[in-house]
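Just coords.pdb here, PDB, C-alpha atoms:
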ATOM      1  CA  MET Q   1      16.222   6.803 -44.991
ATOM      2  CA  LEU Q   2      17.161   4.681 -48.014
ATOM      3  CA  LYS Q   3      16.454   4.707 -51.748
ATOM      4  CA  LEU Q   4      17.172   1.862 -54.187
ATOM      5  CA  SER Q   5      17.156   2.694 -57.888
ATOM      6  CA  ASN Q   6      17.290   0.015 -60.602
ATOM      7  CA  ILE Q   7      19.266  -2.525 -58.554
ATOM      8  CA  THR Q   8      20.281  -5.654 -60.478
ATOM      9  CA  LEU Q   9      22.133  -8.655 -59.032
ATOM     10  CA  ASN Q  10      22.932 -12.024 -60.607
ATOM     11  CA  PHE Q  11      24.847 -15.072 -59.353
ATOM     12  CA  GLY Q  12      26.218 -16.691 -62.500
ATOM     13  CA  SER Q  13      23.216 -17.497 -64.659
ATOM     14  CA  GLN Q  14      20.799 -17.118 -61.735
ATOM     15  CA  GLN Q  15      18.918 -13.834 -61.695
ATOM     16  CA  ILE Q  16      18.354 -12.605 -58.117
ATOM     17  CA  PHE Q  17      16.619  -9.330 -58.926
ATOM     18  CA  THR Q  18      16.521  -6.919 -61.857
ATOM     19  CA  ASP Q  19      15.878  -3.156 -61.850
ATOM     20  CA  LEU Q  20      14.673  -3.269 -58.241
ATOM     21  CA  SER Q  21      13.562   0.197 -57.048
ATOM     22  CA  CYS Q  22      12.099   1.112 -53.661
ATOM     23  CA  GLU Q  23      12.199   3.766 -50.939
ATOM     24  CA  PHE Q  24      12.363   2.864 -47.249
ATOM     25  CA  SER Q  25      11.253   5.302 -44.558
ATOM     26  CA  LYS Q  26      12.095   5.286 -40.847
ATOM     27  CA  GLY Q  27      10.706   2.241 -39.040
ATOM     28  CA  LEU Q  28      11.119  -1.477 -38.339
ATOM     29  CA  HIS Q  29      11.056  -3.432 -41.599
ATOM     30  CA  PHE Q  30      11.147  -7.138 -42.447
ATOM     31  CA  ILE Q  31      11.871  -8.939 -45.734
ATOM     32  CA  SER Q  32       9.877 -12.085 -46.466
ATOM     33  CA  GLY Q  33      10.403 -14.610 -49.256
ATOM     34  CA  GLN Q  34      11.061 -18.255 -50.035
ATOM     35  CA  ASN Q  35      14.511 -19.755 -49.498
ATOM     36  CA  GLY Q  36      16.694 -18.790 -52.435
ATOM     37  CA  SER Q  37      14.611 -15.719 -53.299
ATOM     38  CA  GLY Q  38      17.544 -13.381 -52.582
ATOM     39  CA  LYS Q  39      16.783 -11.994 -49.111
ATOM     40  CA  THR Q  40      20.331 -12.297 -47.772
ATOM     41  CA  SER Q  41      21.715 -11.083 -51.104
ATOM     42  CA  LEU Q  42      19.593  -7.948 -50.784
ATOM     43  CA  LEU Q  43      20.900  -7.358 -47.246
ATOM     44  CA  ASP Q  44      24.483  -7.823 -48.479
ATOM     45  CA  VAL Q  45      23.874  -5.190 -51.167
ATOM     46  CA  LEU Q  46      22.374  -2.743 -48.643
ATOM     47  CA  ALA Q  47      25.331  -3.287 -46.278
ATOM     48  CA  GLY Q  48      27.867  -2.787 -49.065
ATOM     49  CA  LYS Q  49      29.161  -6.380 -49.025
ATOM     50  CA  GLU Q  50      27.901  -6.995 -52.566
ATOM     51  CA  SER Q  51      27.912  -4.481 -55.408
ATOM     52  CA  PRO Q  52      24.885  -4.192 -57.702
ATOM     53  CA  GLU Q  53      25.432  -4.516 -61.428
ATOM     54  CA  GLY Q  54      24.820  -1.929 -64.102
ATOM     55  CA  GLU Q  55      23.690   1.627 -63.411
ATOM     56  CA  GLY Q  56      21.766   0.970 -60.201
ATOM     57  CA  SER Q  57      22.330   3.063 -57.070
ATOM     58  CA  ILE Q  58      21.853   2.791 -53.306
ATOM     59  CA  ARG Q  59      21.455   6.067 -51.430
ATOM     60  CA  PHE Q  60      21.207   6.388 -47.654
ATOM     61  CA  MET Q  61      20.177   9.623 -45.998
ATOM     62  CA  SER Q  62      23.253  11.823 -45.628
ATOM     63  CA  GLY Q  63      25.499  10.908 -42.703
ATOM     64  CA  VAL Q  64      23.635   7.708 -41.768
ATOM     65  CA  GLN Q  65      25.814   5.028 -40.140
ATOM     66  CA  VAL Q  66      24.885   1.435 -41.016
ATOM     67  CA  ALA Q  67      25.461  -1.589 -38.737
ATOM     68  CA  TYR Q  68      25.101  -5.140 -40.114
ATOM     69  CA  LEU Q  69      24.477  -8.372 -38.182
ATOM     70  CA  GLU Q  70      25.223 -11.219 -40.588
ATOM     71  CA  GLN Q  71      23.567 -14.635 -40.420
ATOM     72  CA  ASP Q  72      27.002 -16.239 -39.964
ATOM     73  CA  PRO Q  73      29.142 -13.512 -38.360
ATOM     74  CA  SER Q  74      32.849 -13.329 -39.169
ATOM     75  CA  TYR Q  75      35.325 -12.876 -36.299
ATOM     76  CA  ASP Q  76      38.986 -13.116 -35.351
ATOM     77  CA  PRO Q  77      39.456 -16.481 -33.572
ATOM     78  CA  GLU Q  78      42.470 -15.093 -31.662
ATOM     79  CA  PHE Q  79      40.567 -12.106 -30.198
ATOM     80  CA  THR Q  80      39.039 -12.087 -26.758
ATOM     81  CA  VAL Q  81      35.310 -11.368 -26.586
ATOM     82  CA  LEU Q  82      36.023  -7.818 -25.396
ATOM     83  CA  GLU Q  83      38.483  -7.199 -28.250
ATOM     84  CA  GLN Q  84      35.994  -8.533 -30.807
ATOM     85  CA  VAL Q  85      33.162  -6.263 -29.635
ATOM     86  CA  ARG Q  86      35.553  -3.300 -29.314
ATOM     87  CA  SER Q  87      36.472  -3.676 -32.978
ATOM     88  CA  ALA Q  88      32.844  -3.225 -34.074
ATOM     89  CA  ASP Q  89      32.780   0.577 -33.745
ATOM     90  CA  LYS Q  90      35.678   1.732 -35.907
ATOM     91  CA  LYS Q  91      35.343   5.399 -34.954
ATOM     92  CA  VAL Q  92      35.603   4.771 -31.210
ATOM     93  CA  LEU Q  93      38.401   2.252 -31.717
ATOM     94  CA  GLN Q  94      40.365   4.804 -33.759
ATOM     95  CA  ALA Q  95      39.756   7.445 -31.081
ATOM     96  CA  LEU Q  96      41.035   5.100 -28.358
ATOM     97  CA  THR Q  97      44.152   4.282 -30.382
ATOM     98  CA  ALA Q  98      44.791   7.962 -31.175
ATOM     99  CA  TYR Q  99      44.421   8.889 -27.496
ATOM    100  CA  ARG Q 100      46.959   6.257 -26.367
ATOM    101  CA  GLN Q 101      49.415   7.333 -29.074
ATOM    102  CA  ALA Q 102      48.945  11.008 -28.167
ATOM    103  CA  LEU Q 103      49.766  10.254 -24.528
ATOM    104  CA  GLU Q 104      53.000   8.582 -25.575
ATOM    105  CA  SER Q 105      53.952  11.375 -27.980
ATOM    106  CA  GLU Q 106      53.584  14.151 -25.360
ATOM    107  CA  ASP Q 107      52.283  16.401 -28.196
ATOM    108  CA  LYS Q 108      49.834  18.810 -26.485
ATOM    109  CA  LYS Q 109      47.861  19.709 -29.611
ATOM    110  CA  ARG Q 110      47.583  16.066 -30.625
ATOM    111  CA  LEU Q 111      46.484  15.120 -27.114
ATOM    112  CA  GLU Q 112      43.900  17.907 -27.004
ATOM    113  CA  LYS Q 113      42.350  16.704 -30.267
ATOM    114  CA  ALA Q 114      42.369  13.105 -29.034
ATOM    115  CA  ILE Q 115      40.614  14.096 -25.789
ATOM    116  CA  ASN Q 116      37.994  16.063 -27.726
ATOM    117  CA  ASP Q 117      37.325  13.041 -29.946
ATOM    118  CA  MET Q 118      37.024  10.786 -26.898
ATOM    119  CA  ASP Q 119      34.550  13.227 -25.327
ATOM    120  CA  ARG Q 120      32.489  13.463 -28.520
ATOM    121  CA  LEU Q 121      32.291   9.693 -28.972
ATOM    122  CA  ASP Q 122      31.992   8.874 -25.240
ATOM    123  CA  GLY Q 123      35.066   6.689 -25.625
ATOM    124  CA  TRP Q 124      35.851   6.865 -21.887
ATOM    125  CA  ASN Q 125      32.906   4.548 -21.102
ATOM    126  CA  TYR Q 126      33.242   2.254 -24.124
ATOM    127  CA  ASP Q 127      34.329  -0.906 -22.286
ATOM    128  CA  GLN Q 128      31.707  -0.411 -19.562
ATOM    129  CA  LYS Q 129      28.991  -0.095 -22.219
ATOM    130  CA  ILE Q 130      30.234  -3.277 -23.866
ATOM    131  CA  GLU Q 131      30.108  -5.159 -20.565
ATOM    132  CA  ARG Q 132      26.541  -3.925 -19.874
ATOM    133  CA  ILE Q 133      25.343  -5.093 -23.286
ATOM    134  CA  LEU Q 134      27.029  -8.490 -22.935
ATOM    135  CA  THR Q 135      25.482  -8.902 -19.487
ATOM    136  CA  SER Q 136      22.040  -8.124 -20.952
ATOM    137  CA  LEU Q 137      22.732 -10.787 -23.587
ATOM    138  CA  GLN Q 138      23.637 -13.210 -20.765
ATOM    139  CA  PHE Q 139      27.287 -13.464 -21.760
ATOM    140  CA  GLY Q 140      29.620 -13.530 -18.796
ATOM    141  CA  ASP Q 141      33.367 -13.905 -19.374
ATOM    142  CA  ILE Q 142      34.633 -11.126 -21.674
ATOM    143  CA  ASP Q 143      38.177 -12.579 -21.630
ATOM    144  CA  ARG Q 144      37.257 -15.817 -23.396
ATOM    145  CA  ILE Q 145      38.894 -16.460 -26.774
ATOM    146  CA  MET Q 146      36.558 -16.216 -29.782
ATOM    147  CA  GLY Q 147      37.859 -19.465 -31.291
ATOM    148  CA  THR Q 148      36.555 -21.416 -28.261
ATOM    149  CA  LEU Q 149      32.957 -20.152 -28.469
ATOM    150  CA  SER Q 150      29.869 -22.040 -29.633
ATOM    151  CA  GLY Q 151      27.734 -20.803 -32.536
ATOM    152  CA  GLY Q 152      25.195 -19.278 -30.152
ATOM    153  CA  GLU Q 153      27.906 -17.482 -28.195
ATOM    154  CA  VAL Q 154      29.446 -16.084 -31.385
ATOM    155  CA  LYS Q 155      26.001 -14.756 -32.364
ATOM    156  CA  LYS Q 156      25.669 -12.980 -29.016
ATOM    157  CA  VAL Q 157      29.098 -11.374 -29.423
ATOM    158  CA  ALA Q 158      28.206 -10.239 -32.953
ATOM    159  CA  LEU Q 159      24.895  -8.868 -31.682
ATOM    160  CA  ALA Q 160      26.721  -6.946 -28.960
ATOM    161  CA  GLY Q 161      29.037  -5.557 -31.626
ATOM    162  CA  MET Q 162      26.064  -4.285 -33.610
ATOM    163  CA  LEU Q 163      24.277  -2.770 -30.610
ATOM    164  CA  ILE Q 164      27.390  -0.982 -29.274
ATOM    165  CA  GLN Q 165      27.547   1.063 -32.479
ATOM    166  CA  GLU Q 166      24.135   2.659 -31.773
ATOM    167  CA  ALA Q 167      23.769   3.091 -35.534
ATOM    168  CA  PRO Q 168      20.666   4.873 -36.872
ATOM    169  CA  PHE Q 169      20.260   2.141 -39.531
ATOM    170  CA  MET Q 170      20.600  -1.526 -38.527
ATOM    171  CA  ILE Q 171      20.519  -4.526 -40.871
ATOM    172  CA  MET Q 172      19.960  -7.938 -39.270
ATOM    173  CA  ASP Q 173      19.956 -11.378 -40.897
ATOM    174  CA  GLU Q 174      18.293 -14.027 -38.699
ATOM    175  CA  PRO Q 175      19.064 -12.188 -35.414
ATOM    176  CA  THR Q 176      17.291 -14.661 -33.107
ATOM    177  CA  ASN Q 177      19.039 -17.826 -34.358
ATOM    178  CA  HIS Q 178      20.780 -19.680 -31.483
ATOM    179  CA  LEU Q 179      19.504 -17.177 -28.879
ATOM    180  CA  ASP Q 180      17.797 -18.025 -25.569
ATOM    181  CA  ILE Q 181      14.226 -16.886 -24.908
ATOM    182  CA  GLU Q 182      15.399 -14.325 -22.316
ATOM    183  CA  VAL Q 183      17.894 -12.834 -24.771
ATOM    184  CA  ILE Q 184      15.245 -12.656 -27.525
ATOM    185  CA  GLU Q 185      12.935 -10.835 -25.105
ATOM    186  CA  TYR Q 186      15.715  -8.336 -24.307
ATOM    187  CA  LEU Q 187      16.291  -7.804 -28.042
ATOM    188  CA  GLU Q 188      12.564  -7.259 -28.590
ATOM    189  CA  GLU Q 189      12.475  -4.604 -25.866
ATOM    190  CA  TYR Q 190      15.574  -2.892 -27.226
ATOM    191  CA  LEU Q 191      14.319  -2.776 -30.816
ATOM    192  CA  SER Q 192      10.808  -1.695 -29.815
ATOM    193  CA  ALA Q 193      12.279   1.278 -27.931
ATOM    194  CA  THR Q 194      14.981   2.265 -30.419
ATOM    195  CA  GLN Q 195      14.709   5.285 -32.697
ATOM    196  CA  ALA Q 196      16.837   3.497 -35.305
ATOM    197  CA  THR Q 197      15.542   2.093 -38.582
ATOM    198  CA  LEU Q 198      15.744  -1.701 -38.667
ATOM    199  CA  PHE Q 199      15.907  -3.887 -41.769
ATOM    200  CA  MET Q 200      15.622  -7.595 -40.975
ATOM    201  CA  VAL Q 201      15.263 -11.138 -42.277
ATOM    202  CA  THR Q 202      14.015 -13.722 -39.775
ATOM    203  CA  HIS Q 203      11.890 -16.879 -39.629
ATOM    204  CA  ASP Q 204      10.776 -16.113 -36.061
ATOM    205  CA  ARG Q 205       7.111 -15.221 -36.598
ATOM    206  CA  TYR Q 206       6.411 -14.261 -32.983
ATOM    207  CA  PHE Q 207       9.417 -11.950 -32.929
ATOM    208  CA  LEU Q 208       8.099 -10.303 -36.100
ATOM    209  CA  ASP Q 209       4.618  -9.816 -34.708
ATOM    210  CA  ARG Q 210       5.975  -7.915 -31.725
ATOM    211  CA  VAL Q 211       8.678  -5.883 -33.466
ATOM    212  CA  CYS Q 212       8.049  -5.087 -37.148
ATOM    213  CA  ASN Q 213       5.607  -2.606 -38.681
ATOM    214  CA  THR Q 214       6.322  -3.084 -42.402
ATOM    215  CA  ILE Q 215       6.816  -6.301 -44.382
ATOM    216  CA  TYR Q 216       8.493  -6.456 -47.808
ATOM    217  CA  GLU Q 217       7.961  -9.682 -49.734
ATOM    218  CA  LEU Q 218      10.699 -10.502 -52.234
ATOM    219  CA  GLU Q 219       9.262 -12.727 -54.951
ATOM    220  CA  ASN Q 220      10.452 -13.287 -58.532
ATOM    221  CA  GLY Q 221      12.857 -10.366 -58.191
ATOM    222  CA  GLU Q 222      10.161  -7.888 -57.103
ATOM    223  CA  LEU Q 223       9.375  -6.272 -53.732
ATOM    224  CA  PHE Q 224       5.782  -6.078 -52.506
ATOM    225  CA  THR Q 225       4.986  -3.859 -49.510
ATOM    226  CA  TYR Q 226       2.591  -4.640 -46.639
ATOM    227  CA  ARG Q 227       1.997  -2.221 -43.746
ATOM    228  CA  GLY Q 228       1.562  -3.924 -40.383
ATOM    229  CA  ASN Q 229       2.955  -6.926 -38.506
ATOM    230  CA  TYR Q 230       3.431 -10.465 -39.783
ATOM    231  CA  SER Q 231      -0.087 -11.686 -38.939
ATOM    232  CA  LEU Q 232      -1.601  -8.833 -40.953
ATOM    233  CA  PHE Q 233       0.837  -9.564 -43.768
ATOM    234  CA  LEU Q 234      -0.438 -13.168 -44.008
ATOM    235  CA  GLU Q 235      -4.052 -11.924 -44.171
ATOM    236  CA  LYS Q 236      -3.313  -9.315 -46.850
ATOM    237  CA  ARG Q 237      -1.244 -11.774 -48.850
ATOM    238  CA  GLU Q 238      -4.174 -14.205 -48.962
ATOM    239  CA  GLU Q 239      -6.452 -11.392 -50.168
TER     240      GLU Q 239
END
Translate this file's structure into structure tokens.
Amino acid sequence: MLKLSNITLNFGSQQIFTDLSCEFSKGLHFISGQNGSGKTSLLDVLAGKESPEGEGSIRFMSGVQVAYLEQDPSYDPEFTVLEQVRSADKKVLQALTAYRQALESEDKKRLEKAINDMDRLDGWNYDQKIERILTSLQFGDIDRIMGTLSGGEVKKVALAGMLIQEAPFMIMDEPTNHLDIEVIEYLEEYLSATQATLFMVTHDRYFLDRVCNTIYELENGELFTYRGNYSLFLEKREE
């Protein structure tokens, strides 16, 4: 699914990692490491938010869409909740915009293409899917303004934005922060059933035990691989 080759990243004089190389197969993966070891920096590099230095390369399997849930999600404070989640899937949003513009233009060929794109992306049911996900995340009023939300509510909206994309590769930084137990249980069920590959940083040990099957420990700029859940990782690390 993903191959890293000779990835180097520095912040000023601080070396985060040097010549990091690894291959990641399909599955549910977790990155462990002490605070300041570079876990979030690695996620930012994988998601394309940070660029590695030198000759290193990041290669995803051809055609793979990547969705990223940041630890502190960015958002438009003027958007409603529905508008914020809508904006997460750029392809569907573009299809919706193109369809509305085609209707106004009365161009038959343009409208036909727009309808085909809406069919292919299931754009007709986009808002209903958003509402179902938000309901599962125990978020009620989709017309609330983002700037009025609490930190936990913003995290739920960002999580909904990631899930609505149905991306085959998901990157999540501290996904359970600020979430209620019922919402965490829903997320566990969703991730356990998904066919997507998940790459995650979290301090929630119990969540890890029930979800992840591979642990990568980032220490002194190197990745060490452990197969199994977090409890098994602790045992193998001691050995």
Problem - Residue with smallest distance to Leu137 (chain Q) - pool Q:Arg120, Q:Lys90, Q:Lys108, Q:Lys155, counting only C-alpha atoms - result: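 Looking only at the distances to Leu137 (chain Q), the closest residue turns out to be Q:Lys155.
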Exercise for the section: Dump as a list of chain:residue names all residues having an atom at most 9 Å from (9.5, -11.1, -47.7), computed in the file's coordinates with all atoms listed in the file. Expected result: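 Neighbouring residues, ordered by chain and number, come to Q:Phe30, Q:Ile31, Q:Ser32, Q:Gly33, Q:Gln34, Q:Ser37, Q:Lys39, Q:Val201, Q:Ile215, Q:Tyr216, Q:Glu217, Q:Leu218, Q:Glu219, Q:Leu223, Q:Phe224, Q:Thr225.
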Exercise for the section: State, in Å with one decimal place, the distance from CA of Gln165 (chain Q) to CA of Ile115 (chain Q). Expected result: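 Between these atoms lies a distance of 19.6 Å.
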The PyMOL selection byres ((chain Q and resi 166) around 12) applied to the shown file, residues as a tab-separated table (two decimals) with C-alpha atoms, keeping the file's coordinate frame:
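The result, written out as part_0.tsv:
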chain	number	residue	atom	x	y	z
Q	64	VAL	CA	23.64	7.71	-41.77
Q	65	GLN	CA	25.81	5.03	-40.14
Q	66	VAL	CA	24.88	1.44	-41.02
Q	67	ALA	CA	25.46	-1.59	-38.74
Q	68	TYR	CA	25.10	-5.14	-40.11
Q	88	ALA	CA	32.84	-3.22	-34.07
Q	89	ASP	CA	32.78	0.58	-33.74
Q	91	LYS	CA	35.34	5.40	-34.95
Q	92	VAL	CA	35.60	4.77	-31.21
Q	121	LEU	CA	32.29	9.69	-28.97
Q	122	ASP	CA	31.99	8.87	-25.24
Q	126	TYR	CA	33.24	2.25	-24.12
Q	129	LYS	CA	28.99	-0.10	-22.22
Q	130	ILE	CA	30.23	-3.28	-23.87
Q	133	ILE	CA	25.34	-5.09	-23.29
Q	159	LEU	CA	24.90	-8.87	-31.68
Q	160	ALA	CA	26.72	-6.95	-28.96
Q	161	GLY	CA	29.04	-5.56	-31.63
Q	162	MET	CA	26.06	-4.28	-33.61
Q	163	LEU	CA	24.28	-2.77	-30.61
Q	164	ILE	CA	27.39	-0.98	-29.27
Q	165	GLN	CA	27.55	1.06	-32.48
Q	167	ALA	CA	23.77	3.09	-35.53
Q	168	PRO	CA	20.67	4.87	-36.87
Q	169	PHE	CA	20.26	2.14	-39.53
Q	170	MET	CA	20.60	-1.53	-38.53
Q	190	TYR	CA	15.57	-2.89	-27.23
Q	191	LEU	CA	14.32	-2.78	-30.82
Q	194	THR	CA	14.98	2.26	-30.42
Q	195	GLN	CA	14.71	5.28	-32.70
Q	196	ALA	CA	16.84	3.50	-35.30
Q	197	THR	CA	15.54	2.09	-38.58
Q	198	LEU	CA	15.74	-1.70	-38.67
Handout entry: From Q:Val81, Q:Phe207, Q:Asn116, Q:Glu70, residue lying nearest Glu153 (chain Q) [only C-alpha atoms]
Key =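 With only C-alpha atoms as the atom set, the closest residue is Q:Val81.
The two atoms in question, CA of Ala158 (chain Q) and CA of Thr135 (chain Q), are spaced 13.8 Å apart.
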Practice task
Name the closest residue to Glu131 (chain Q) among the candidates Q:Gly147, Q:Glu83, Q:Gly48, Q:Gln94; distances are taken between atoms, counting all atoms listed in the file.
Solution key: Q:Glu83
